[in-house]
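Novice: Just passing along the structure, written as structure tokens.
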Amino acid sequence: MTKFDEATRAIRIDDTTYDVCLDDGYSMGGPLNGGYLMATMLRAVTDASPHPHPVSTGAQFLRVARPGPAQVVLDQLKSGRTATMTRARLVRDGETSVEMLVTTATLDGSAAPDWSDGPSAVMPALAGCVRLPDPKAAPAMNFSARMEMLFDPPTIGWLTGEPTGRPESRAYFRLAEPQDPDPFVLAMAVDALPPVVFSAGARGWAPTVELTWHLRALPAPGWLTLIGGGRLISDGWFDEEVEVWDSAGRLVAQSRQLARLGRG
């Protein structure tokens with residue numbers, strides 16, 4: 001079992017309840033990364049479902065989730081031959097931090113697409129990409145140490161005061177500990193990029209309010225490519241869309257989230 005598998009493990013208590021221990025290693029200066037929280041909850045959802053793959057996940061982030069023991073509480077709404085719909089809540093001390101509606105199904109990992117569009121942006125080769133510098137004097141910023149990310153240089157120009165002026169972020173992604181990507185890794189990958197508004201000139205913590213993502217195929221081993229962008233920044237809100245492509249050049253995940261502009 002890898003560290004990521006351990007950190008997202010869900011232990012069945014009964015038909016509707018799973019114990020989890022939220023790992024401080026996925027904190028973002030205190031709050032835990034939303035993709036990590038989704039991955040942890042999806043462990044419980046898929047364990048309780050007759051279908052193994054979370055093909056659609058819609059998450060509402062109600063309040064900040066912090067490290068420590070919690071529970072995932074399930075309500076299976078409908079189960080059929082091809083799909084199961086489940087409501088899941090992440091609960092700690094009687095309060096719900098995240099609520100999700102998940103559709104699980106069974107994907108054929110060998111199935112070729114009937115039709116596929118290409119990536120919305122072209123990434124340079126791995127050798128032409130760069131890492132973010134290590135966080136300075138921020139011991140609680142543990143999330144970045146759990147993965148390797150190599151960024152398309154223009155999309156992190158905001159670090160040196162040279163943002164592109166467009167909401168965008170692009171990077172190659174894999175876990176720091178060797179592990180082939182799976183649907184749970186994809187759940188974290190869709191929320192792993194820095195907020196796309198950084199490249200448009202905004203700064204500060206930008207909390208996600210709602211995130212929906214779709215699992216489109218089971219990923220091949222190797223690096224994932226994350227291509228993020230936004231359509232509108234207005235009235236203190238912004239949207240962020242992310243495409244995830246695997247090493248075989250297949251679109252394996254898509255996401256869209258609504259978030260608040262950075263504060264602090």
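Naming works like this for the structure tokens: A, B, ... for the chains as they're shown, residue 1 at the start of each chain, ligands 1 onward in shown order.
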Would you return as a ChimeraX atom specification the members of stretch 13-211 of chain A that DSSP assigns to strand (DSSP E) on this structure's backbone?

Specialist: /A:13-14,17-22,53-61,68-79,84-92,95-105,147-151,168-175,208-211

Novice: Contacts of A:Leu42 at 10 Å or less, counting only C-alpha atoms, minus same-chain residues fewer than 4 places along, as a list in words?

Specialist: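 Within the cut-off, the hits are Thr8, Arg9, Ala10, Tyr36, Leu37, Met38, Thr46, Asp47, Ala48, Pro52, His53, Pro54, Thr57, Val72, Ala88, Met100, Val102, Thr104, Pro183, Phe184 and Ala187 of chain A.
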
Novice: Just the residues within 8 Å of stretch 212-226 of chain A, please, counting only C-alpha atoms, with nothing from its chain fewer than 3 positions along; format it as an MDAnalysis selection string.

Specialist: chainID A and resid 53:59 107:109 170:174 180:183 186:187 189:190 193 242:248 250:257

Novice: Please report, as CSV, each residue of stretch 24-131 of chain A lying at most 12 Å from stretch 194-208 of chain A, together with the nearest pair of atoms and the separation in Å rounded to one decimal; use only C-alpha atoms, and order rows by chain and ascending residue number.

Specialist:
```
residue,atom,partner,partner_atom,distance
A:Met28,CA,A:Trp205,CA,9.3
A:Gly29,CA,A:Trp205,CA,9.6
A:Gly30,CA,A:Trp205,CA,11.1
A:Pro31,CA,A:Pro207,CA,9.6
A:Leu32,CA,A:Pro207,CA,10.8
A:Asn33,CA,A:Thr208,CA,9.7
A:Gly34,CA,A:Thr208,CA,7.7
A:Gly35,CA,A:Thr208,CA,10.3
A:Ala59,CA,A:Thr208,CA,9.7
A:Gln60,CA,A:Thr208,CA,8.5
A:Phe61,CA,A:Thr208,CA,6.8
A:Leu62,CA,A:Thr208,CA,9.5
A:Arg63,CA,A:Pro207,CA,9.8
A:Val64,CA,A:Pro207,CA,9.0
A:Ala65,CA,A:Pro207,CA,11.7
A:Val98,CA,A:Thr208,CA,11.1
```

Novice: Quick one: of A:Pro67, A:Gly228, A:Gly128, A:Pro163, who's nearest to A:Asn142, counting only C-alpha atoms?

Specialist: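 The answer is A:Pro67, which sits nearest to A:Asn142.
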
Novice: Write out as a PyMOL selection string each polymer residue whose atoms come within 10 Å of A:Asp152, counting only C-alpha atoms; drop sequence neighbours fewer than 5 positions from it.

Specialist: chain A and resi 122-126+128-131+157+169-172+227

Novice: Take the selection from the previous step and output its residues with N, CA, C and O atoms, as a JSON list (two decimals), in the first residue's frame.

Specialist:
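Done, and the output landed in selection01.json:
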```json
[["chain", "number", "residue", "atom", "x", "y", "z"],
["A", 122, "VAL", "N", -1.14, 23.10, -26.26],
["A", 122, "VAL", "CA", 0.01, 22.24, -26.52],
["A", 122, "VAL", "C", 1.05, 22.45, -25.43],
["A", 122, "VAL", "O", 1.47, 23.58, -25.17],
["A", 123, "MET", "N", 1.45, 21.36, -24.79],
["A", 123, "MET", "CA", 2.47, 21.42, -23.74],
["A", 123, "MET", "C", 3.85, 21.24, -24.34],
["A", 123, "MET", "O", 4.05, 20.43, -25.25],
["A", 124, "PRO", "N", 4.87, 21.95, -23.81],
["A", 124, "PRO", "CA", 6.24, 21.65, -24.20],
["A", 124, "PRO", "C", 6.66, 20.29, -23.65],
["A", 124, "PRO", "O", 5.96, 19.71, -22.81],
["A", 125, "ALA", "N", 7.79, 19.78, -24.12],
["A", 125, "ALA", "CA", 8.30, 18.52, -23.61],
["A", 125, "ALA", "C", 8.63, 18.66, -22.12],
["A", 125, "ALA", "O", 8.81, 19.77, -21.60],
["A", 126, "LEU", "N", 8.71, 17.52, -21.44],
["A", 126, "LEU", "CA", 9.04, 17.54, -20.01],
["A", 126, "LEU", "C", 10.30, 18.35, -19.73],
["A", 126, "LEU", "O", 10.37, 19.10, -18.75],
["A", 128, "GLY", "N", 11.38, 20.90, -21.07],
["A", 128, "GLY", "CA", 11.17, 22.32, -21.19],
["A", 128, "GLY", "C", 10.30, 22.91, -20.10],
["A", 128, "GLY", "O", 9.97, 24.10, -20.15],
["A", 129, "CYS", "N", 9.90, 22.09, -19.11],
["A", 129, "CYS", "CA", 9.03, 22.54, -18.03],
["A", 129, "CYS", "C", 9.82, 22.70, -16.73],
["A", 129, "CYS", "O", 10.93, 22.19, -16.60],
["A", 130, "VAL", "N", 9.24, 23.41, -15.77],
["A", 130, "VAL", "CA", 9.96, 23.77, -14.55],
["A", 130, "VAL", "C", 9.12, 23.46, -13.32],
["A", 130, "VAL", "O", 7.89, 23.40, -13.39],
["A", 131, "ARG", "N", 9.79, 23.31, -12.19],
["A", 131, "ARG", "CA", 9.12, 23.08, -10.92],
["A", 131, "ARG", "C", 8.86, 24.41, -10.22],
["A", 131, "ARG", "O", 9.56, 25.40, -10.44],
["A", 157, "GLY", "N", 4.45, 32.53, -14.61],
["A", 157, "GLY", "CA", 5.13, 33.83, -14.63],
["A", 157, "GLY", "C", 4.71, 34.73, -13.49],
["A", 157, "GLY", "O", 5.43, 35.67, -13.12],
["A", 169, "SER", "N", -3.30, 27.55, -16.38],
["A", 169, "SER", "CA", -2.26, 26.82, -15.66],
["A", 169, "SER", "C", -2.10, 25.48, -16.34],
["A", 169, "SER", "O", -3.09, 24.82, -16.68],
["A", 170, "ARG", "N", -0.84, 25.07, -16.56],
["A", 170, "ARG", "CA", -0.58, 23.80, -17.26],
["A", 170, "ARG", "C", 0.64, 23.13, -16.64],
["A", 170, "ARG", "O", 1.63, 23.79, -16.35],
["A", 171, "ALA", "N", 0.54, 21.80, -16.46],
["A", 171, "ALA", "CA", 1.65, 21.08, -15.84],
["A", 171, "ALA", "C", 1.56, 19.59, -16.12],
["A", 171, "ALA", "O", 0.48, 19.05, -16.38],
["A", 172, "TYR", "N", 2.72, 18.93, -16.05],
["A", 172, "TYR", "CA", 2.77, 17.47, -15.96],
["A", 172, "TYR", "C", 2.67, 17.10, -14.48],
["A", 172, "TYR", "O", 3.20, 17.80, -13.61],
["A", 227, "ILE", "N", -4.24, 20.50, -18.05],
["A", 227, "ILE", "CA", -4.42, 21.74, -18.80],
["A", 227, "ILE", "C", -5.61, 22.48, -18.19],
["A", 227, "ILE", "O", -6.75, 22.02, -18.28]]
```

Novice: Please run DSSP on the backbone and report, as number ranges by chain, all residues within stretch 95-241 of chain A that come out as helix (DSSP H, G or I).

Specialist: A: 126-128, 143-146, 153-160, 183-189, 196-200

Novice: May I have the residues from that selection written out with N, CA and C atoms, as a tab-separated table (two decimals), in the first residue's frame?

Specialist:
```tsv
chain	number	residue	atom	x	y	z
A	126	LEU	N	8.71	17.52	-21.44
A	126	LEU	CA	9.04	17.54	-20.01
A	126	LEU	C	10.30	18.35	-19.73
A	127	ALA	N	11.32	18.21	-20.60
A	127	ALA	CA	12.59	18.90	-20.39
A	127	ALA	C	12.44	20.41	-20.45
A	128	GLY	N	11.38	20.90	-21.07
A	128	GLY	CA	11.17	22.32	-21.19
A	128	GLY	C	10.30	22.91	-20.10
A	143	PHE	N	1.15	19.82	0.84
A	143	PHE	CA	0.56	19.19	-0.34
A	143	PHE	C	1.56	19.05	-1.48
A	144	SER	N	2.37	20.06	-1.71
A	144	SER	CA	3.30	20.04	-2.85
A	144	SER	C	4.34	18.94	-2.74
A	145	ALA	N	4.64	18.49	-1.51
A	145	ALA	CA	5.63	17.43	-1.34
A	145	ALA	C	5.08	16.06	-1.69
A	146	ARG	N	3.77	15.93	-1.87
A	146	ARG	CA	3.16	14.64	-2.16
A	146	ARG	C	3.10	14.34	-3.65
A	153	PRO	N	6.35	26.99	-18.44
A	153	PRO	CA	6.89	28.19	-17.80
A	153	PRO	C	6.02	29.44	-17.85
A	154	PRO	N	5.39	29.81	-18.99
A	154	PRO	CA	4.61	31.05	-18.98
A	154	PRO	C	3.47	31.06	-17.95
A	155	THR	N	2.92	29.88	-17.63
A	155	THR	CA	1.76	29.85	-16.75
A	155	THR	C	2.12	30.01	-15.28
A	156	ILE	N	3.40	30.07	-14.95
A	156	ILE	CA	3.80	30.42	-13.58
A	156	ILE	C	4.63	31.69	-13.56
A	157	GLY	N	4.45	32.53	-14.61
A	157	GLY	CA	5.13	33.83	-14.63
A	157	GLY	C	4.71	34.73	-13.49
A	158	TRP	N	3.53	34.45	-12.89
A	158	TRP	CA	3.06	35.24	-11.74
A	158	TRP	C	4.03	35.19	-10.56
A	159	LEU	N	4.86	34.14	-10.50
A	159	LEU	CA	5.83	34.04	-9.40
A	159	LEU	C	6.84	35.17	-9.44
A	160	THR	N	7.16	35.65	-10.62
A	160	THR	CA	8.15	36.72	-10.78
A	160	THR	C	7.51	38.03	-11.21
A	183	PRO	N	-8.35	6.12	-10.72
A	183	PRO	CA	-9.40	7.13	-10.55
A	183	PRO	C	-9.24	7.99	-9.30
A	184	PHE	N	-8.68	7.45	-8.23
A	184	PHE	CA	-8.51	8.23	-7.00
A	184	PHE	C	-7.39	9.26	-7.17
A	185	VAL	N	-6.33	8.90	-7.87
A	185	VAL	CA	-5.28	9.86	-8.19
A	185	VAL	C	-5.85	10.96	-9.09
A	186	LEU	N	-6.71	10.60	-10.03
A	186	LEU	CA	-7.31	11.60	-10.91
A	186	LEU	C	-8.18	12.57	-10.11
A	187	ALA	N	-8.88	12.08	-9.08
A	187	ALA	CA	-9.70	12.97	-8.25
A	187	ALA	C	-8.85	14.06	-7.63
A	188	MET	N	-7.63	13.74	-7.25
A	188	MET	CA	-6.74	14.75	-6.69
A	188	MET	C	-6.11	15.60	-7.79
A	189	ALA	N	-5.81	14.99	-8.92
A	189	ALA	CA	-5.15	15.71	-10.01
A	189	ALA	C	-6.00	16.86	-10.53
A	196	VAL	N	-6.13	29.13	-11.49
A	196	VAL	CA	-5.82	29.74	-12.78
A	196	VAL	C	-5.83	31.26	-12.72
A	197	VAL	N	-6.50	31.84	-11.73
A	197	VAL	CA	-6.55	33.31	-11.63
A	197	VAL	C	-5.19	33.89	-11.25
A	198	PHE	N	-4.27	33.08	-10.70
A	198	PHE	CA	-2.92	33.60	-10.44
A	198	PHE	C	-2.30	34.14	-11.72
A	199	SER	N	-2.51	33.41	-12.81
A	199	SER	CA	-1.93	33.81	-14.08
A	199	SER	C	-2.62	35.04	-14.66
A	200	ALA	N	-3.81	35.33	-14.15
A	200	ALA	CA	-4.51	36.54	-14.58
A	200	ALA	C	-4.17	37.74	-13.69
```
